[in-house]
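*Asks:* Provided herewith: coords_36.cif, mmCIF, C-alpha atoms.
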data_model
loop_
_atom_site.label_atom_id
_atom_site.label_comp_id
_atom_site.auth_asym_id
_atom_site.auth_seq_id
_atom_site.Cartn_x
_atom_site.Cartn_y
_atom_site.Cartn_z
CA MET R 794 -4.17 15.46 -30.59
CA LYS R 795 -1.80 17.56 -28.51
CA PRO R 796 -0.48 15.95 -25.29
CA LEU R 797 -0.53 19.19 -23.29
CA ASP R 798 -4.24 19.62 -24.04
CA ASN R 799 -4.95 16.30 -22.33
CA ILE R 800 -2.49 16.22 -19.45
CA SER R 801 -4.96 17.19 -16.70
CA LYS R 802 -7.40 14.40 -17.58
CA LEU R 803 -4.57 11.92 -17.93
CA ILE R 804 -3.06 12.80 -14.55
CA LEU R 805 -6.50 12.42 -12.94
CA LYS R 806 -6.76 8.93 -14.47
CA ILE R 807 -3.30 8.06 -13.21
CA HIS R 808 -4.14 8.88 -9.59
CA GLU R 809 -7.51 7.14 -9.79
CA ALA R 810 -5.57 3.99 -10.64
CA ALA R 811 -3.93 4.09 -7.18
CA HIS R 812 -7.34 3.21 -5.74
CA GLU R 813 -8.62 1.17 -8.70
CA PRO R 814 -5.77 -0.85 -10.27
CA SER R 815 -8.06 -1.90 -13.13
CA HIS R 816 -7.78 1.71 -14.38
CA TRP R 817 -4.11 1.26 -15.30
CA VAL R 818 -5.06 -0.25 -18.66
CA SER R 819 -6.99 2.89 -19.64
CA VAL R 820 -4.07 5.04 -18.44
CA LEU R 821 -1.57 3.18 -20.61
CA THR R 822 -4.00 3.18 -23.54
CA ALA R 823 -4.36 6.97 -23.22
CA ILE R 824 -0.57 7.35 -23.32
CA SER R 825 -0.47 5.20 -26.44
CA ASP R 826 -3.22 7.28 -28.03
CA LEU R 827 -0.99 10.33 -27.62
CA GLY R 828 1.63 8.65 -29.78
CA LEU R 829 3.99 7.86 -26.91
CA GLY R 830 4.50 4.17 -27.53
CA GLU R 831 2.50 1.01 -28.04
CA PRO R 832 2.39 -1.47 -26.46
CA ILE R 833 3.19 -0.07 -22.99
CA THR R 834 3.89 -2.02 -19.82
CA ILE R 835 4.19 -1.29 -16.12
CA ALA R 836 6.39 -4.14 -14.96
CA ARG R 837 8.30 -5.33 -11.94
CA VAL R 838 11.40 -7.50 -11.54
CA ASN R 839 12.31 -9.33 -8.36
CA LEU R 840 15.86 -8.22 -7.61
CA THR R 841 16.67 -11.50 -5.87
CA SER R 842 15.16 -14.13 -8.16
CA ASP R 843 15.07 -12.08 -11.40
CA GLU R 844 11.45 -13.17 -11.79
CA PRO R 845 9.52 -10.66 -13.92
CA GLY R 846 5.90 -9.69 -13.48
CA ILE R 847 3.30 -7.47 -15.10
CA VAL R 848 1.47 -4.80 -13.06
CA SER R 849 -0.51 -3.68 -16.11
CA ALA R 850 -0.12 -3.47 -19.86
CA ALA R 851 -1.96 -2.19 -22.91
CA GLY R 852 -1.66 -3.16 -26.55
CA TYR R 853 -0.31 -6.69 -26.13
CA PRO R 854 -1.95 -9.95 -27.21
CA GLU R 855 -3.04 -12.25 -24.37
CA GLU R 856 -0.23 -14.76 -24.95
CA TYR R 857 2.35 -12.10 -24.10
CA PHE R 858 1.43 -12.21 -20.42
CA SER R 859 1.79 -15.95 -20.05
CA LEU R 860 5.18 -15.76 -21.76
CA ILE R 861 6.55 -13.02 -19.49
CA GLU R 862 5.29 -14.72 -16.34
CA THR R 863 6.86 -18.07 -17.18
CA PHE R 864 10.44 -17.40 -18.25
CA GLU R 865 12.37 -20.56 -17.45
CA ASN R 866 15.68 -18.74 -16.93
CA PRO R 867 14.98 -15.03 -16.32
CA SER R 868 18.52 -14.55 -15.03
CA GLN R 869 19.75 -15.35 -18.55
CA GLU R 870 17.47 -12.85 -20.28
CA PRO R 871 19.56 -9.83 -21.38
CA GLY R 872 16.50 -7.57 -21.24
CA ILE R 873 15.80 -8.39 -17.60
CA GLN R 874 19.43 -7.98 -16.60
CA ALA R 875 19.51 -4.61 -18.36
CA MET R 876 16.39 -3.56 -16.45
CA LYS R 877 17.99 -4.51 -13.12
CA SER R 878 21.06 -2.40 -13.86
CA LEU R 879 19.12 0.77 -14.68
CA ARG R 880 19.29 3.75 -12.35
CA GLU R 881 16.02 5.20 -11.11
CA GLY R 882 14.49 8.30 -12.62
CA ILE R 883 16.15 8.30 -16.05
CA ILE R 884 14.21 7.69 -19.27
CA LEU R 885 16.38 5.62 -21.57
CA THR R 886 15.92 4.84 -25.25
CA PRO R 887 17.76 2.30 -27.39
CA PRO R 888 20.63 1.82 -27.75
CA ASP R 889 21.32 3.39 -24.33
CA ALA R 890 18.92 1.06 -22.50
CA LEU R 891 20.40 -2.26 -23.62
CA ASP R 892 22.89 -4.00 -25.85
CA GLU R 893 20.92 -4.37 -29.08
CA LYS R 894 22.82 -7.36 -30.48
CA LEU R 895 22.70 -9.20 -27.16
CA PHE R 896 19.00 -8.46 -26.74
CA GLU R 897 18.23 -9.89 -30.18
CA THR R 898 19.60 -13.27 -29.04
CA SER R 899 17.15 -13.46 -26.13
CA ASN R 900 13.94 -15.46 -25.84
CA MET R 901 12.11 -12.21 -25.11
CA PHE R 902 13.13 -10.78 -28.46
CA ARG R 903 12.52 -13.96 -30.48
CA ASN R 904 9.17 -14.85 -28.88
CA VAL R 905 7.71 -11.38 -28.37
CA TYR R 906 9.41 -8.55 -30.22
CA SER R 907 10.26 -10.41 -33.42
CA THR R 908 6.82 -12.05 -33.58
CA MET R 909 4.98 -8.77 -33.03
CA LYS R 910 7.45 -6.77 -35.14
CA LEU R 911 8.21 -4.39 -32.30
CA TYR R 912 11.29 -2.66 -30.93
CA PRO R 913 12.03 -1.12 -27.50
CA TYR R 914 11.09 2.57 -27.46
CA TYR R 915 11.84 3.83 -23.94
CA ILE R 916 12.11 2.51 -20.40
CA ARG R 917 12.39 4.07 -16.96
CA ARG R 918 13.10 2.41 -13.65
CA LEU R 919 10.61 4.02 -11.28
CA PHE R 920 11.48 2.82 -7.77
CA SER R 921 12.18 -0.24 -5.65
CA HIS R 922 9.85 -1.66 -3.01
CA ASN R 923 11.01 -4.54 -0.83
CA ASP R 924 12.64 -6.97 -3.29
CA ASP R 925 10.92 -5.64 -6.42
CA ALA R 926 11.94 -2.91 -8.85
CA TYR R 927 9.15 -1.22 -10.83
CA TYR R 928 9.41 0.03 -14.41
CA ILE R 929 7.45 1.59 -17.23
CA ALA R 930 8.45 0.49 -20.70
CA ALA R 931 7.08 1.29 -24.14
CA ASN R 932 7.68 -0.20 -27.55
CA HIS R 933 7.40 0.98 -31.14
CA GLU R 934 7.12 -0.54 -34.60
CA GLU R 935 10.06 1.59 -35.73
CA LYS R 936 13.57 0.49 -34.77
CA ASN R 937 15.67 2.91 -32.67
CA LYS R 938 12.76 5.32 -32.42
CA LYS R 939 13.41 8.19 -30.00
CA VAL R 940 10.94 10.38 -28.14
CA SER R 941 10.76 13.77 -29.84
CA GLU R 942 12.08 16.71 -27.85
CA LYS R 943 8.69 18.45 -27.67
CA TYR R 944 7.18 15.42 -25.91
CA GLN R 945 10.07 14.65 -23.54
CA ASP R 946 8.99 17.05 -20.79
CA PHE R 947 5.39 15.90 -21.10
CA LEU R 948 6.44 12.26 -20.83
CA MET R 949 8.59 12.99 -17.78
CA ILE R 950 5.64 14.67 -16.01
CA VAL R 951 3.33 11.77 -16.82
CA ILE R 952 5.81 9.14 -15.63
CA ASP R 953 6.47 11.10 -12.41
CA HIS R 954 2.76 10.91 -11.66
CA ILE R 955 2.66 7.21 -12.53
CA GLU R 956 5.48 6.61 -10.05
CA LEU R 957 3.65 8.53 -7.31
CA SER R 958 0.39 6.71 -8.00
CA LEU R 959 2.08 3.29 -7.90
CA LYS R 960 3.72 4.12 -4.57
CA ASN R 961 0.36 5.23 -3.18
CA SER R 962 -1.23 2.02 -4.42
CA LEU R 963 1.37 -0.08 -2.60
CA ASN R 964 0.87 1.97 0.58
CA PHE R 965 -2.90 1.52 0.34
CA ASN R 966 -2.36 -2.24 0.08
CA ILE R 967 -0.18 -2.20 3.20
CA LEU R 968 -2.81 -0.22 5.12
CA SER R 969 -5.53 -2.55 3.90
CA ASN R 970 -3.55 -5.61 4.98
CA ASN R 971 -2.88 -4.05 8.39
CA HIS R 972 -6.58 -3.28 8.73
CA VAL R 973 -7.52 -6.89 7.95
CA ALA R 974 -4.91 -8.17 10.43
CA SER R 975 -6.25 -5.85 13.16
CA LEU R 976 -9.81 -7.06 12.57
CA GLU R 977 -8.68 -10.67 12.81
CA VAL R 978 -7.13 -9.97 16.23
CA ILE R 979 -10.30 -8.24 17.49
CA HIS R 980 -12.48 -11.08 16.21
CA LYS R 981 -10.38 -13.62 18.14
CA LEU R 982 -11.09 -11.92 21.48
CA PHE R 983 -13.39 -13.81 23.83
CA VAL R 984 -15.01 -10.58 24.99
CA GLY R 985 -17.52 -8.64 22.91
CA VAL R 986 -16.22 -5.48 21.26
CA ILE R 987 -18.54 -2.91 19.66
CA LEU R 988 -17.38 0.30 18.02
CA PHE R 989 -19.60 3.41 17.85
CA ASP R 990 -19.46 6.81 16.25
CA ARG R 991 -20.32 10.03 18.13
CA ASN R 992 -24.00 9.55 17.33
CA SER R 993 -23.97 6.12 19.00
CA LYS R 994 -24.32 4.39 15.64
CA VAL R 995 -22.76 0.94 15.60
CA LEU R 996 -19.81 0.77 13.23
CA PHE R 997 -18.43 -2.66 14.05
CA ALA R 998 -19.06 -5.69 16.28
CA ASN R 999 -16.62 -8.55 16.68
CA HIS R 1000 -17.71 -12.19 16.56
CA ALA R 1001 -18.12 -12.47 20.33
CA ALA R 1002 -20.37 -9.38 20.36
CA GLU R 1003 -22.39 -10.71 17.42
CA LYS R 1004 -23.10 -13.94 19.29
CA ILE R 1005 -24.30 -11.98 22.32
CA LEU R 1006 -26.55 -9.80 20.16
CA GLU R 1007 -27.97 -12.82 18.34
CA ARG R 1008 -29.40 -14.13 21.63
CA SER R 1009 -31.63 -11.02 21.88
CA ASP R 1010 -31.88 -11.47 25.63
CA GLY R 1011 -30.69 -8.05 26.69
CA LEU R 1012 -29.18 -6.08 23.85
CA CYS R 1013 -29.85 -5.79 20.13
CA ILE R 1014 -29.16 -3.47 17.19
CA LYS R 1015 -32.10 -1.52 15.78
CA ARG R 1016 -31.87 1.17 13.13
CA GLY R 1017 -28.09 0.91 13.35
CA LYS R 1018 -27.96 1.64 17.09
CA LEU R 1019 -27.48 -0.54 20.13
CA GLU R 1020 -30.67 -0.86 22.19
CA ALA R 1021 -31.79 -2.64 25.32
CA MET R 1022 -34.99 -4.70 25.54
CA ARG R 1023 -36.77 -2.01 27.56
CA GLN R 1024 -37.13 1.68 26.74
CA LYS R 1025 -35.95 2.80 30.17
CA GLU R 1026 -32.82 0.69 29.88
CA THR R 1027 -32.23 1.97 26.34
CA SER R 1028 -32.41 5.58 27.59
CA GLU R 1029 -29.89 4.80 30.31
CA LEU R 1030 -27.67 3.03 27.76
CA TYR R 1031 -27.74 6.11 25.49
CA ARG R 1032 -26.91 8.34 28.46
CA LEU R 1033 -23.87 6.24 29.32
CA LEU R 1034 -22.77 6.02 25.68
CA GLY R 1035 -23.19 9.76 25.24
CA LYS R 1036 -21.04 10.37 28.29
CA ALA R 1037 -18.38 7.94 27.08
CA LEU R 1038 -18.34 9.40 23.59
CA SER R 1039 -18.26 13.06 24.65
CA LEU R 1040 -14.90 14.76 24.31
CA SER R 1041 -13.03 16.78 26.88
CA ASP R 1042 -9.68 18.31 25.89
CA GLY R 1043 -9.54 15.92 22.97
CA ARG R 1044 -9.88 12.84 25.18
CA PRO R 1045 -12.84 10.57 25.90
CA ASN R 1046 -14.67 11.54 29.09
CA PHE R 1047 -15.72 8.32 30.85
#
Let's see the structure in the file written out as structure tokens.
*Replies:*
Amino acid sequence: MKPLDNISKLILKIHEAAHEPSHWVSVLTAISDLGLGEPITIARVNLTSDEPGIVSAAGYPEEYFSLIETFENPSQEPGIQAMKSLREGIILTPPDALDEKLFETSNMFRNVYSTMKLYPYYIRRLFSHNDDAYYIAANHEEKNKKVSEKYQDFLMIVIDHIELSLKNSLNFNILSNNHVASLEVIHKLFVGVILFDRNSKVLFANHAAEKILERSDGLCIKRGKLEAMRQKETSELYRLLGKALSLSDGRPNF
């Protein structure tokens, strides 16, 4: 299987993962299937506490995750300290990435690498966000294995897209959190708030508006639109809504 024959599909998968984080496993599995490392991890390290975390991983047994998440003294793990010292944007392979002898004295090596008979293959620090640094790291069953020259450019392209997708995912989360916070503020208002589209279809009603509509003593929602109890009043309501929703020079015309 030639990597360049599959790069378009792989890049599509990578950017789908920005919206659906569960897709990261299939992305990392696809990279492994191309012979570019297994297992593979997208990880983060808190730059203040040294606490490690897993964004996604493929090819590891389940116990690996509980081990990584519960290091008692992450600040004493040579692998984590080596990760923190990496510069962004450079793909490193052993022995450039870490001191091999020092790493082999660590809990990470004894409990994970030695048990699974694996060795570090390559690692790249992607970017930092708030207090966390994000990485992609791959392993190999062969010691001091290096990425072949014909795959280096391909791997760089793939990792560039992974970095972009991860950044987008974080931005989507921020927007989502801001959206939730905005809704909470609107719901706490004592006045009823109803949002419409240009066709007068109801898009949103806050809690106060819902309580008013539940009484069904003047207004209600039918077929997705706000209606009055009488047809004449409904026609007048639509006229007023149409006027409010019409645009003049890009601004609402009330």
*Asks:* Do a neighbour search on segment 1003-1005 of chain R at 12 Å with only C-alpha atoms, toss out local chain neighbours closer than 6 positions, and write the hits as a ChimeraX atom specification.
*Replies:* /R:980,983-987,995,997,1011-1014,1019
*Asks:* Counting all atoms listed in the file, which residue out of R:Val905, R:Val848, R:Met949, R:Leu803 sits closest to Asp826 of chain R?
*Replies:*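 Residue with the minimum atom-to-atom distance to Asp826 of chain R: R:Leu803.
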*Asks:* For segment 925-1022 of chain R versus segment 883-900 of chain R, which residues have an atom no more than 12 Å away, and what is each residue's nearest atom pair and distance in Å rounded to one decimal, using all atoms listed in the file, chain-then-number order, as a Markdown table?
*Replies:*
| residue | atom | partner | partner_atom | distance |
| --- | --- | --- | --- | --- |
| R:Tyr928 | CA | R:Ile884 | CA | 10.3 |
| R:Ile929 | CA | R:Ile884 | CA | 9.3 |
| R:Ala930 | CA | R:Ile884 | CA | 9.3 |
| R:Ala931 | CA | R:Thr886 | CA | 9.6 |
| R:Asn932 | CA | R:Thr886 | CA | 9.9 |
| R:His933 | CA | R:Thr886 | CA | 11.1 |
| R:Glu935 | CA | R:Pro887 | CA | 11.4 |
| R:Lys936 | CA | R:Pro887 | CA | 8.7 |
| R:Asn937 | CA | R:Pro887 | CA | 5.7 |
| R:Lys938 | CA | R:Pro887 | CA | 7.7 |
| R:Lys939 | CA | R:Thr886 | CA | 6.3 |
| R:Val940 | CA | R:Thr886 | CA | 8.0 |
| R:Ser941 | CA | R:Thr886 | CA | 11.3 |
| R:Gln945 | CA | R:Ile884 | CA | 9.2 |
| R:Asp946 | CA | R:Ile884 | CA | 10.8 |
| R:Leu948 | CA | R:Ile884 | CA | 9.1 |
| R:Met949 | CA | R:Ile884 | CA | 7.9 |
| R:Ile950 | CA | R:Ile884 | CA | 11.5 |
| R:Val951 | CA | R:Ile884 | CA | 11.9 |
| R:Ile952 | CA | R:Ile884 | CA | 9.3 |
| R:Asp953 | CA | R:Ile883 | CA | 10.7 |
*Asks:* Considering only C-alpha atoms, can you say which of R:Ile916, R:Val973, R:Ile955, R:Leu988 comes closest to Val820 of chain R?
*Replies:*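 Checking each candidate against Val820 of chain R, we get R:Ile955 as the closest.
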*Asks:* For Pro867 of chain R, which of R:Val838, R:Arg880, R:Ala850, R:Phe920 is the closest residue, counting all atoms listed in the file?
*Replies:*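 Of R:Val838, R:Arg880, R:Ala850, R:Phe920, the one nearest Pro867 of chain R, counting all atoms listed in the file, is R:Val838.
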*Asks:* Of the candidates R:Glu831, R:Glu844, R:Glu934, R:Glu881, which shows the shortest atom-to-atom distance to Gln869 of chain R, using only C-alpha atoms?
*Replies:*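 Comparing R:Glu831, R:Glu844, R:Glu934, R:Glu881 against Gln869 of chain R, the winner is R:Glu844.
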*Asks:* State, in Å with one decimal place, the distance from atom CA of His816 of chain R to atom CA of Phe965 of chain R.
*Replies:*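 According to the coordinates, atom CA of His816 of chain R and atom CA of Phe965 of chain R are separated by 15.5 Å.
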